[in-house]
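See below for entry.txt, which holds compact mmCIF, C-alpha atoms.
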# COMPACT_ATOMS: atom_id res chain seq x y z
CA MET W 1 17.69 1.46 -5.10
CA ALA W 2 14.03 1.31 -4.19
CA SER W 3 12.21 2.72 -1.21
CA VAL W 4 13.88 1.69 2.01
CA GLY W 5 11.73 2.78 4.86
CA MET W 6 12.61 6.44 4.28
CA MET W 7 11.11 8.72 1.62
CA THR W 8 12.33 7.78 -1.87
CA SER W 9 14.84 10.26 -3.23
CA GLY W 10 13.04 11.27 -6.43
CA PHE W 11 12.74 9.34 -9.67
CA SER W 12 13.72 10.18 -13.23
CA PRO W 13 11.00 9.80 -15.87
CA ALA W 14 12.96 7.73 -18.37
CA MET W 15 11.64 6.00 -21.48
CA ALA W 16 8.07 4.82 -21.38
CA THR W 17 7.84 1.13 -20.52
CA PRO W 18 5.16 -0.35 -22.73
CA GLY W 19 2.95 -2.98 -21.17
CA MET W 20 3.37 -4.55 -17.76
CA SER W 21 5.65 -3.48 -14.97
CA PHE W 22 7.39 -6.52 -13.51
CA GLN W 23 7.70 -7.11 -9.81
CA ASP W 24 10.96 -5.40 -9.07
CA MET W 25 13.12 -8.39 -8.08
CA SER W 26 16.12 -6.11 -8.26
CA ALA W 27 14.58 -3.92 -5.57
CA GLU W 28 15.67 -4.62 -2.05
CA VAL W 29 13.30 -6.24 0.35
CA SER W 30 12.52 -3.39 2.71
CA THR W 31 10.56 -2.98 5.87
CA GLY W 32 9.29 0.40 4.64
CA THR W 33 7.50 0.75 7.85
CA THR W 34 6.12 2.45 10.91
CA ILE W 35 7.77 1.65 14.25
CA MET W 36 7.37 3.26 17.61
CA ALA W 37 8.40 2.94 21.23
CA THR W 38 7.36 4.86 24.34
CA GLU W 39 8.15 4.83 28.05
CA PHE W 40 5.31 4.32 30.48
CA ASP W 41 5.16 4.18 34.24
CA GLY W 42 6.89 0.84 34.82
CA GLY W 43 8.33 -0.11 31.44
CA VAL W 44 8.08 0.48 27.71
CA ILE W 45 5.53 -0.16 24.99
CA ILE W 46 6.73 -0.91 21.47
CA GLY W 47 4.65 -1.16 18.33
CA ALA W 48 5.00 -1.71 14.58
CA ASP W 49 3.03 -2.43 11.42
CA SER W 50 3.52 -5.73 9.57
CA ARG W 51 4.29 -4.93 5.92
CA THR W 52 7.44 -5.92 3.97
CA THR W 53 7.73 -4.74 0.37
CA THR W 54 9.85 -5.63 -2.66
CA GLY W 55 9.32 -2.54 -4.77
CA ALA W 56 5.54 -2.12 -4.70
CA TYR W 57 4.77 -5.83 -4.13
CA ILE W 58 3.88 -6.75 -0.58
CA ALA W 59 6.17 -9.69 0.07
CA ASN W 60 4.98 -10.31 3.61
CA ARG W 61 1.83 -8.82 5.15
CA VAL W 62 2.25 -10.34 8.61
CA THR W 63 5.90 -9.53 9.34
CA ASP W 64 7.14 -9.36 12.91
CA LYS W 65 9.34 -6.27 13.18
CA LEU W 66 9.59 -6.45 16.96
CA THR W 67 12.62 -8.64 17.47
CA LYS W 68 13.71 -10.11 20.78
CA VAL W 69 17.29 -9.43 21.78
CA THR W 70 17.00 -10.54 25.40
CA ASP W 71 14.06 -11.48 27.61
CA TYR W 72 13.65 -7.83 28.60
CA ILE W 73 15.03 -5.96 25.58
CA TYR W 74 13.48 -5.78 22.12
CA CYS W 75 14.36 -3.85 18.99
CA CYS W 76 12.07 -2.38 16.32
CA ARG W 77 13.51 -2.74 12.81
CA SER W 78 13.09 -0.40 9.84
CA GLY W 79 15.03 -0.06 6.59
CA SER W 80 16.54 -3.01 4.77
CA ALA W 81 15.07 -6.27 6.08
CA ALA W 82 18.31 -8.18 5.49
CA ASP W 83 20.53 -5.58 7.16
CA THR W 84 18.40 -5.25 10.27
CA GLN W 85 17.99 -8.99 10.70
CA ALA W 86 21.75 -9.47 10.40
CA ILE W 87 22.50 -6.70 12.91
CA ALA W 88 19.99 -8.06 15.43
CA ASP W 89 21.50 -11.54 15.14
CA ILE W 90 25.02 -10.19 15.73
CA VAL W 91 23.93 -8.16 18.76
CA LYS W 92 22.13 -11.22 20.16
CA TYR W 93 25.35 -13.16 19.79
CA HIS W 94 27.49 -10.47 21.47
CA ASN W 95 24.94 -10.21 24.22
CA ASP W 96 24.89 -13.97 24.97
CA PHE W 97 28.63 -13.75 25.44
CA HIS W 98 28.34 -10.62 27.61
CA ARG W 99 25.71 -12.28 29.79
CA MET W 100 27.91 -15.30 30.40
CA GLU W 101 30.82 -13.06 31.38
CA MET W 102 28.81 -10.74 33.65
CA GLY W 103 26.46 -13.36 35.10
CA GLU W 104 23.39 -11.11 34.89
CA GLU W 105 20.97 -9.54 32.41
CA PRO W 106 22.45 -6.65 30.43
CA LEU W 107 21.37 -3.06 30.79
CA VAL W 108 19.24 -1.61 27.97
CA LYS W 109 21.86 1.03 27.33
CA THR W 110 24.54 -1.63 26.89
CA VAL W 111 22.53 -3.38 24.21
CA ALA W 112 21.73 -0.03 22.61
CA HIS W 113 25.44 0.74 22.45
CA MET W 114 26.12 -2.63 20.80
CA PHE W 115 23.57 -1.76 18.09
CA LYS W 116 25.02 1.69 17.68
CA GLN W 117 28.55 0.42 17.28
CA LEU W 118 27.55 -1.85 14.39
CA CYS W 119 25.31 0.74 12.75
CA TYR W 120 27.99 3.43 12.95
CA ASP W 121 31.05 1.38 12.00
CA TYR W 122 29.31 -0.08 8.93
CA ARG W 123 27.18 2.98 8.16
CA ASP W 124 28.29 3.12 4.50
CA GLN W 125 27.15 -0.42 3.85
CA LEU W 126 23.96 -0.56 5.87
CA THR W 127 20.49 0.91 5.69
CA ALA W 128 19.08 0.33 9.14
CA GLY W 129 16.90 2.49 11.39
CA ILE W 130 16.51 0.76 14.74
CA ILE W 131 14.72 1.55 17.99
CA VAL W 132 15.99 -0.34 21.05
CA ALA W 133 13.57 -0.52 23.97
CA GLY W 134 13.44 -2.55 27.15
CA TRP W 135 13.47 -2.73 30.89
CA ASP W 136 16.31 -3.24 33.33
CA LYS W 137 16.37 -3.07 37.11
CA ARG W 138 18.70 -0.09 37.34
CA ASP W 139 16.93 2.47 35.13
CA GLY W 140 13.53 0.93 34.46
CA GLY W 141 11.99 1.36 31.04
CA GLN W 142 14.13 3.08 28.39
CA VAL W 143 13.88 3.90 24.69
CA TYR W 144 16.96 4.42 22.51
CA SER W 145 16.76 5.67 18.94
CA ILE W 146 19.40 4.70 16.38
CA PRO W 147 18.51 6.33 13.03
CA ILE W 148 20.19 5.59 9.70
CA SER W 149 23.77 6.79 10.12
CA GLY W 150 24.37 5.34 13.55
CA MET W 151 23.66 8.10 16.06
CA LEU W 152 22.42 6.99 19.48
CA GLN W 153 19.92 9.01 21.48
CA LYS W 154 17.91 8.14 24.57
CA MET W 155 14.36 9.55 24.34
CA PRO W 156 11.06 9.29 26.26
CA PHE W 157 9.36 8.11 23.07
CA CYS W 158 10.42 7.62 19.48
CA THR W 159 8.98 6.88 16.05
CA GLY W 160 10.79 5.53 13.00
CA GLY W 161 10.40 4.26 9.46
CA SER W 162 8.80 5.81 6.39
CA GLY W 163 5.42 6.06 8.09
CA SER W 164 6.74 8.06 11.03
CA THR W 165 6.84 11.28 9.01
CA TYR W 166 3.04 11.33 8.92
CA ILE W 167 2.60 11.17 12.68
CA TYR W 168 5.13 13.63 14.10
CA GLY W 169 2.36 16.12 14.83
CA PHE W 170 0.14 13.49 16.41
CA VAL W 171 2.76 12.04 18.75
CA ASP W 172 4.14 15.44 19.72
CA SER W 173 0.68 16.62 20.75
CA GLN W 174 -0.56 13.42 22.40
CA PHE W 175 2.44 12.21 24.38
CA LYS W 176 2.38 12.74 28.14
CA PRO W 177 5.13 11.58 30.51
CA LYS W 178 4.30 8.82 32.99
CA MET W 179 1.21 7.45 31.19
CA SER W 180 -0.28 4.19 32.38
CA LYS W 181 0.21 0.95 30.46
CA GLU W 182 -3.29 1.12 28.91
CA GLU W 183 -2.91 4.78 27.89
CA SER W 184 0.44 4.01 26.28
CA LEU W 185 -0.96 1.04 24.36
CA GLN W 186 -3.74 3.31 23.05
CA PHE W 187 -1.21 6.01 22.16
CA VAL W 188 1.01 3.64 20.19
CA SER W 189 -1.80 1.80 18.42
CA LYS W 190 -3.51 5.06 17.36
CA ALA W 191 -0.24 6.50 16.06
CA VAL W 192 0.69 3.40 14.07
CA SER W 193 -2.86 3.17 12.69
CA LEU W 194 -2.72 6.78 11.46
CA ALA W 195 0.62 6.17 9.79
CA ILE W 196 -0.63 2.97 8.13
CA ASN W 197 -3.54 4.95 6.73
CA ARG W 198 -1.26 7.38 4.87
CA ASP W 199 1.94 5.48 4.15
CA GLY W 200 1.90 3.01 1.26
CA SER W 201 4.88 1.16 2.70
CA SER W 202 3.13 0.45 6.02
CA GLY W 203 0.13 -1.76 6.57
CA GLY W 204 -1.27 -5.09 7.65
CA ILE W 205 -1.73 -5.66 11.37
CA ILE W 206 -0.38 -3.78 14.37
CA ARG W 207 1.97 -5.72 16.63
CA LEU W 208 2.49 -4.41 20.15
CA ALA W 209 4.58 -5.49 23.11
CA ALA W 210 4.68 -4.28 26.70
CA ILE W 211 8.00 -4.80 28.51
CA SER W 212 8.23 -4.38 32.26
CA LYS W 213 9.70 -6.11 35.29
CA ASP W 214 7.17 -8.90 34.71
CA GLY W 215 8.62 -9.70 31.30
CA VAL W 216 7.12 -9.23 27.85
CA GLU W 217 3.44 -9.28 26.93
CA ARG W 218 2.64 -9.33 23.19
CA PHE W 219 -0.53 -8.12 21.51
CA THR W 220 -1.83 -8.13 17.96
CA LEU W 221 -4.49 -5.83 16.49
CA THR W 222 -6.09 -7.16 13.32
CA GLY W 223 -8.79 -5.93 10.95
CA ASP W 224 -11.53 -4.13 12.85
CA GLN W 225 -9.45 -3.90 16.01
CA LEU W 226 -7.27 -1.19 14.41
CA PRO W 227 -8.18 2.28 15.72
CA LYS W 228 -10.35 4.12 13.18
CA PHE W 229 -10.34 7.75 12.22
CA TYR W 230 -12.19 10.03 9.82
CA GLU W 231 -12.98 8.35 6.52
CA ASP W 232 -15.58 9.86 4.25
CA SER W 233 -17.70 7.02 2.76
CA MET P 1 9.90 3.73 -9.92
CA SER P 2 8.20 3.52 -13.31
CA ILE P 3 5.98 6.41 -14.38
CA LEU P 4 2.97 4.11 -14.56
CA ALA P 5 3.51 3.25 -10.89
CA TYR P 6 3.92 6.87 -9.68
CA ASN P 7 0.30 7.25 -8.60
CA GLY P 8 -0.72 3.58 -8.39
CA ALA P 9 -4.03 2.04 -9.49
CA ALA P 10 -5.93 -1.23 -9.86
CA ILE P 11 -8.76 -1.62 -12.38
CA MET P 12 -10.49 -4.68 -13.83
CA ALA P 13 -13.56 -5.54 -15.88
CA MET P 14 -15.43 -8.83 -16.23
CA LYS P 15 -18.11 -10.27 -18.50
CA GLY P 16 -21.20 -11.93 -17.08
CA LYS P 17 -24.52 -13.17 -18.37
CA ASN P 18 -26.00 -10.18 -20.24
CA CYS P 19 -24.03 -7.87 -17.98
CA VAL P 20 -20.55 -6.49 -17.44
CA ALA P 21 -18.81 -5.24 -14.33
CA ILE P 22 -15.98 -2.75 -13.98
CA ALA P 23 -14.20 -2.02 -10.71
CA ALA P 24 -11.35 0.18 -9.50
CA ASP P 25 -9.57 1.23 -6.35
CA ARG P 26 -9.95 4.82 -5.11
CA ARG P 27 -6.50 5.81 -3.99
CA PHE P 28 -4.76 8.93 -5.16
CA GLY P 29 -1.18 8.85 -3.98
CA ILE P 30 2.20 10.26 -4.78
CA GLN P 31 4.66 7.39 -4.61
CA ALA P 32 4.31 6.00 -1.10
CA GLN P 33 2.18 8.80 0.30
CA THR P 34 -1.62 8.54 0.11
CA VAL P 35 -3.17 11.94 -0.57
CA SER P 36 -6.85 11.07 -0.86
CA MET P 37 -9.17 8.06 -0.93
CA ASP P 38 -11.90 9.34 -3.26
CA PHE P 39 -10.19 9.64 -6.61
CA ASP P 40 -12.38 8.51 -9.53
CA LYS P 41 -10.75 6.36 -12.16
CA ILE P 42 -13.87 5.03 -13.88
CA PHE P 43 -15.80 7.42 -16.11
CA GLU P 44 -19.19 7.13 -17.75
CA MET P 45 -18.97 7.60 -21.50
CA GLY P 46 -22.55 6.61 -22.32
CA PRO P 47 -25.55 5.11 -20.54
CA ASN P 48 -24.03 1.62 -20.77
CA LEU P 49 -20.39 2.38 -21.57
CA TYR P 50 -17.65 2.93 -19.01
CA ILE P 51 -13.91 3.42 -19.23
CA GLY P 52 -11.41 2.82 -16.43
CA LEU P 53 -8.11 4.71 -16.58
CA PRO P 54 -5.21 3.53 -14.42
CA GLY P 55 -1.82 5.20 -14.61
CA LEU P 56 -0.47 8.70 -14.17
CA ALA P 57 -3.23 10.74 -12.52
CA THR P 58 -2.79 13.86 -14.65
CA ASP P 59 -3.13 11.79 -17.81
CA VAL P 60 -6.16 9.95 -16.34
CA GLN P 61 -7.97 13.28 -16.17
CA THR P 62 -6.66 14.67 -19.46
CA VAL P 63 -7.46 11.54 -21.48
CA GLN P 64 -10.93 11.41 -19.96
CA ASN P 65 -11.61 15.04 -20.93
CA ARG P 66 -10.25 14.69 -24.47
CA LEU P 67 -12.08 11.42 -25.00
CA LYS P 68 -15.39 12.86 -23.85
CA PHE P 69 -14.87 15.75 -26.28
CA ARG P 70 -14.36 13.40 -29.23
CA LEU P 71 -17.25 11.21 -28.15
CA ASN P 72 -19.62 14.18 -27.94
CA LEU P 73 -18.70 15.24 -31.48
CA TYR P 74 -19.21 11.67 -32.70
CA GLU P 75 -22.67 11.49 -31.17
CA LEU P 76 -23.63 14.86 -32.62
CA ARG P 77 -22.51 13.90 -36.12
CA GLU P 78 -23.87 10.32 -36.09
CA ASN P 79 -26.96 11.17 -34.05
CA ARG P 80 -26.77 7.88 -32.19
CA ARG P 81 -24.95 6.28 -29.28
CA ILE P 82 -21.54 4.79 -30.00
CA LYS P 83 -20.97 1.04 -30.02
CA PRO P 84 -18.40 -0.21 -27.47
CA LYS P 85 -16.19 -1.69 -30.18
CA THR P 86 -16.10 1.61 -32.07
CA PHE P 87 -15.37 3.45 -28.84
CA MET P 88 -12.42 1.14 -28.26
CA SER P 89 -11.05 2.14 -31.68
CA MET P 90 -11.54 5.80 -30.79
CA VAL P 91 -9.49 5.39 -27.60
CA SER P 92 -6.84 3.43 -29.45
CA ASN P 93 -6.56 6.18 -32.05
CA LEU P 94 -6.29 8.89 -29.40
CA LEU P 95 -3.43 7.06 -27.69
CA TYR P 96 -1.54 6.14 -30.86
CA GLU P 97 -1.59 9.79 -31.98
CA ARG P 98 0.87 10.25 -29.14
CA ARG P 99 3.01 7.25 -30.09
CA PHE P 100 6.35 8.89 -29.31
CA GLY P 101 5.30 10.87 -26.24
CA PRO P 102 2.45 8.80 -24.87
CA TYR P 103 -0.22 9.35 -22.27
CA PHE P 104 0.73 7.15 -19.31
CA VAL P 105 -2.58 5.37 -19.00
CA GLU P 106 -3.56 1.79 -19.91
CA PRO P 107 -7.36 1.90 -20.25
CA VAL P 108 -9.99 -0.72 -19.53
CA ILE P 109 -13.35 -0.51 -21.34
CA ALA P 110 -16.61 -2.16 -20.32
CA GLY P 111 -20.06 -1.76 -21.85
CA LEU P 112 -23.13 -3.19 -23.53
CA ASP P 113 -24.00 -2.79 -27.19
CA PRO P 114 -26.71 -0.05 -27.34
CA LYS P 115 -28.96 -2.08 -29.68
CA THR P 116 -28.38 -5.76 -28.84
CA GLY P 117 -27.25 -5.43 -25.20
CA GLU P 118 -24.33 -7.76 -25.83
CA PRO P 119 -21.55 -7.45 -23.22
CA TYR P 120 -18.17 -6.08 -24.32
CA ILE P 121 -14.86 -5.64 -22.52
CA ALA P 122 -11.44 -4.59 -23.78
CA SER P 123 -8.15 -3.20 -22.55
CA MET P 124 -5.15 -1.59 -24.19
CA ASP P 125 -1.60 -0.55 -23.54
CA LEU P 126 -0.42 3.03 -23.27
CA ILE P 127 0.09 3.40 -27.04
CA GLY P 128 -3.30 2.02 -27.97
CA CYS P 129 -2.78 -1.65 -28.76
CA PRO P 130 -6.24 -3.14 -28.10
CA MET P 131 -7.04 -6.50 -26.56
CA GLU P 132 -10.61 -7.81 -26.59
CA THR P 133 -11.40 -10.81 -24.43
CA ASN P 134 -14.41 -12.88 -23.47
CA ASP P 135 -13.67 -13.27 -19.79
CA PHE P 136 -11.87 -10.44 -17.99
CA VAL P 137 -9.35 -7.65 -18.43
CA VAL P 138 -7.06 -6.07 -15.85
CA SER P 139 -4.75 -3.06 -15.72
CA GLY P 140 -2.70 -1.30 -13.07
CA THR P 141 0.25 -1.62 -10.72
CA CYS P 142 -0.87 -4.99 -9.38
CA SER P 143 -1.81 -6.54 -12.72
CA GLU P 144 -0.01 -9.81 -11.98
CA GLN P 145 -1.94 -10.20 -8.74
CA MET P 146 -5.19 -9.33 -10.54
CA TYR P 147 -4.53 -11.90 -13.28
CA GLY P 148 -4.02 -14.56 -10.63
CA MET P 149 -7.25 -13.68 -8.82
CA CYS P 150 -9.37 -13.44 -11.99
CA GLU P 151 -7.99 -16.65 -13.41
CA SER P 152 -9.00 -18.52 -10.28
CA LEU P 153 -12.33 -16.87 -9.47
CA TRP P 154 -13.95 -16.11 -12.83
CA GLU P 155 -16.35 -18.46 -14.51
CA PRO P 156 -18.59 -17.87 -17.54
CA ASP P 157 -22.21 -16.70 -17.41
CA LEU P 158 -22.28 -15.24 -13.92
CA GLU P 159 -25.50 -13.47 -12.95
CA PRO P 160 -25.16 -9.79 -11.89
CA ASP P 161 -25.14 -10.51 -8.15
CA ASP P 162 -22.56 -13.28 -8.47
CA LEU P 163 -20.48 -11.17 -10.85
CA PHE P 164 -20.43 -8.42 -8.24
CA GLU P 165 -19.10 -10.81 -5.60
CA THR P 166 -16.51 -12.26 -7.95
CA ILE P 167 -15.11 -8.98 -9.21
CA SER P 168 -15.07 -7.49 -5.70
CA GLN P 169 -13.11 -10.38 -4.21
CA ALA P 170 -10.73 -10.52 -7.17
CA LEU P 171 -9.94 -6.80 -7.01
CA MET P 172 -9.66 -6.54 -3.23
CA ASN P 173 -7.41 -9.50 -2.70
CA ALA P 174 -5.19 -8.36 -5.56
CA PHE P 175 -4.67 -4.80 -4.38
CA ASP P 176 -4.16 -5.96 -0.80
CA ARG P 177 -0.83 -7.28 -2.04
CA ASP P 178 0.15 -3.96 -3.63
CA ALA P 179 1.62 -1.11 -1.64
CA VAL P 180 0.42 1.65 -4.01
CA SER P 181 -3.20 0.73 -4.68
CA GLY P 182 -6.28 0.18 -2.56
CA TRP P 183 -7.70 2.49 0.07
CA GLY P 184 -11.30 1.85 -0.97
CA ALA P 185 -12.93 0.46 -4.10
CA VAL P 186 -15.89 1.14 -6.39
CA VAL P 187 -17.75 -1.43 -8.51
CA TYR P 188 -20.17 -0.74 -11.38
CA ILE P 189 -22.52 -3.52 -12.49
CA ILE P 190 -23.87 -2.65 -15.91
CA GLU P 191 -27.07 -4.34 -17.09
CA LYS P 192 -29.37 -3.53 -20.02
CA ASP P 193 -31.80 -1.45 -18.02
CA LYS P 194 -29.80 -0.27 -15.01
CA VAL P 195 -26.34 0.46 -13.69
CA THR P 196 -25.57 -0.24 -10.04
CA LYS P 197 -22.66 1.53 -8.38
CA LYS P 198 -21.40 0.08 -5.12
CA MET P 199 -18.60 1.13 -2.80
CA LEU P 200 -16.57 -1.57 -1.09
CA LYS P 201 -15.40 -1.38 2.48
CA THR P 202 -11.74 -2.30 2.29
CA ARG P 203 -8.55 -2.21 4.36
CA GLN P 204 -7.24 1.34 4.57
CA ASP P 205 -3.58 0.47 4.33
Let's see the structure in the file written out as structure tokens.
Amino acid sequence: MASVGMMTSGFSPAMATPGMSFQDMSAEVSTGTTIMATEFDGGVIIGADSRTTTGAYIANRVTDKLTKVTDYIYCCRSGSAADTQAIADIVKYHNDFHRMEMGEEPLVKTVAHMFKQLCYDYRDQLTAGIIVAGWDKRDGGQVYSIPISGMLQKMPFCTGGSGSTYIYGFVDSQFKPKMSKEESLQFVSKAVSLAINRDGSSGGIIRLAAISKDGVERFTLTGDQLPKFYEDS
Amino acid sequence: MSILAYNGAAIMAMKGKNCVAIAADRRFGIQAQTVSMDFDKIFEMGPNLYIGLPGLATDVQTVQNRLKFRLNLYELRENRRIKPKTFMSMVSNLLYERRFGPYFVEPVIAGLDPKTGEPYIASMDLIGCPMETNDFVVSGTCSEQMYGMCESLWEPDLEPDDLFETISQALMNAFDRDAVSGWGAVVYIIEKDKVTKKMLKTRQD
């Protein structure tokens, strides 16, 4: 199976393949990716790149990996595109039902638990790394990380996807609790930009969203708007 | 992942009016990780003769060294500069010598005949099968994308400035759809009396 948002587990140099290498239609469509979420004072900021690959071919360069689950809760998807889309749809469905029963918006941790339950119960059949982030009136902004095998962990900030490995040092050194909305947007966009620069499976534009009591505000950074760092030449 | 796609590369060459152009990306990566953005894949083999080597990075450097060695001996014995067509045969021979344990490179050659100045381009597969064309040649991990771009943008008898624009756009838009090539590009425009080397500002993703 081809790269799936995590580092590829080695390759075996088999026979030489003379001539062209075909687009790997047998390779899964993967959001080999960089995703991130962070709490700020009043809500959460989430961010992602926009690249979907089939093998090495870029199938979609303007993907939206920030998927709405409710008006105040989003999820960031990494891993198999099909798996994560299916899981998000099922959680949306469960949640619509839950909202009708309870008569009010769900808590972020409830939605996070719905994701976890699916990711854990079907862990052998799925490849999905998901970050659930949102705002509710009881606990404010929250970020929940659900990596590949279905563990659930609440964290102040979280990164995910194949590109996240390149920015652990950056986010660990630059994160501060209780940043303002602008500082957090800068933090996320710089981190995703650095990961895009190094990870072949991440690229395109940076999509951001700010979720707070006022709802969701979406941003897009294209071309020259991406934060720049050292490049010689 | 195939061995030819381990490091990733995108190289193409085009013929113009009394000139040729050869262009390549500058990424050196190991599977999905980009290690550096200043890796040379085009090498000067004579004042008006260039070879581009996409494929496994170690073989890119080894083939370039071994080829330069053979070319130097040729020029010492013959006491003249090599013709592009002869050089193509030299590369083909070097690769076929390793028929059953090949170098993982699929070269692209671009140059002008030393006497007449006639443009010449050629490419070959990893065991040395040559292909000479009159329009363009491409090689690398995004060869399908490059074929599409060249087929739509190329036209015959382009002047050097127009050829530069055409090859730059063709290469950039092709490797922008490939996850393992890009991160900068270099273009050489080779004319009878001068060679212009230009770096392209590209997306760094």
Restrict the distance test to all atoms listed in the file, flag each residue of chain P within 9 Å of chain W, and return the flagged residues as JSON, numbers by chain. {"P": [1, 2, 3, 4, 5, 29, 31, 32, 33, 34, 35, 36, 37, 38, 101, 102, 104, 106, 124, 125, 126, 127, 139, 140, 141, 142, 143, 144, 176, 177, 178, 179, 180, 181, 183, 199, 201, 203, 204, 205]}
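You will find CA of Glu44 (chain P) at 10.2 Å from CA of Tyr188 (chain P).
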Neighbour list for region 107-124 of chain W as a count of residues only, cut-off 7 Å, only C-alpha atoms, skip fewer than 5 positions in-chain: 13
Which neighbours of Ser164 (chain W) fall inside 9 Å, counting all atoms listed in the file, when residues of the same chain fewer than 4 positions from it are skipped, and could you give them as a PyMOL selection string? chain W and resi 33-36+159-160+168+191-192+195+199
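Going from CA of Val105 (chain P) over to CA of Asn18 (chain P), you cover 28.1 Å.
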Which residues, written as a PyMOL selection string, have at least one atom at most 12 Å from region 65-75 of chain P, with only C-alpha atoms counted and residues fewer than 3 positions away on the same chain left out? chain P and resi 43-46+49-51+53+58-62+78-84+86-95+103+107
Point-to-point distance from CA of Val188 (chain W) to CA of Thr127 (chain W), Å rounded to tenths: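 Separation of CA of Val188 (chain W) and CA of Thr127 (chain W): 24.4 Å.
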Name all residues at most 10 Å from Gly42 (chain W) (count all atoms listed in the file; drop same-chain ones fewer than 5 positions away) and give them as a short mmCIF file (atom, residue, chain, number, x, y, z; two decimals) with C-alpha atoms, keeping the file's coordinate frame.
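Okay, this is what ended up in selection_37.cif:
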data_model
loop_
_atom_site.label_atom_id
_atom_site.label_comp_id
_atom_site.auth_asym_id
_atom_site.auth_seq_id
_atom_site.Cartn_x
_atom_site.Cartn_y
_atom_site.Cartn_z
CA TRP W 135 13.47 -2.73 30.89
CA GLY W 140 13.53 0.93 34.46
CA GLY W 141 11.99 1.36 31.04
CA GLN W 142 14.13 3.08 28.39
CA LYS W 178 4.30 8.82 32.99
CA MET W 179 1.21 7.45 31.19
CA SER W 180 -0.28 4.19 32.38
CA LYS W 181 0.21 0.95 30.46
CA ALA W 210 4.68 -4.28 26.70
CA ILE W 211 8.00 -4.80 28.51
CA SER W 212 8.23 -4.38 32.26
CA LYS W 213 9.70 -6.11 35.29
CA ASP W 214 7.17 -8.90 34.71
#
At a cut-off of 12 Å around the point (15.2, -10.4, 18.0) (file coordinates), what residues fall inside when counting all atoms listed in the file? I'd like the answer as a PyMOL selection string. chain W and resi 64-77+84-93+95+111+130-133
Between P:Gly111, P:Cys150, P:Leu171, P:Gln145, which has the minimum distance to Ala21 (chain P) (counting only C-alpha atoms)?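 Among the listed residues, the smallest separation from Ala21 (chain P) belongs to P:Gly111.
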Select, from P:Thr116, P:Thr202, P:Ser123, P:Thr196, the residue with the minimum atom-to-atom distance to Met172 (chain P), counting only C-alpha atoms.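 Using only C-alpha atoms, the shortest distance to Met172 (chain P) belongs to P:Thr202.
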Selection: 6 Å around Ala209 (chain W), all atoms listed in the file, excl. self and same-chain fewer than 2 positions, as JSON, numbers by chain: {"W": [45, 46, 217, 218, 219]}
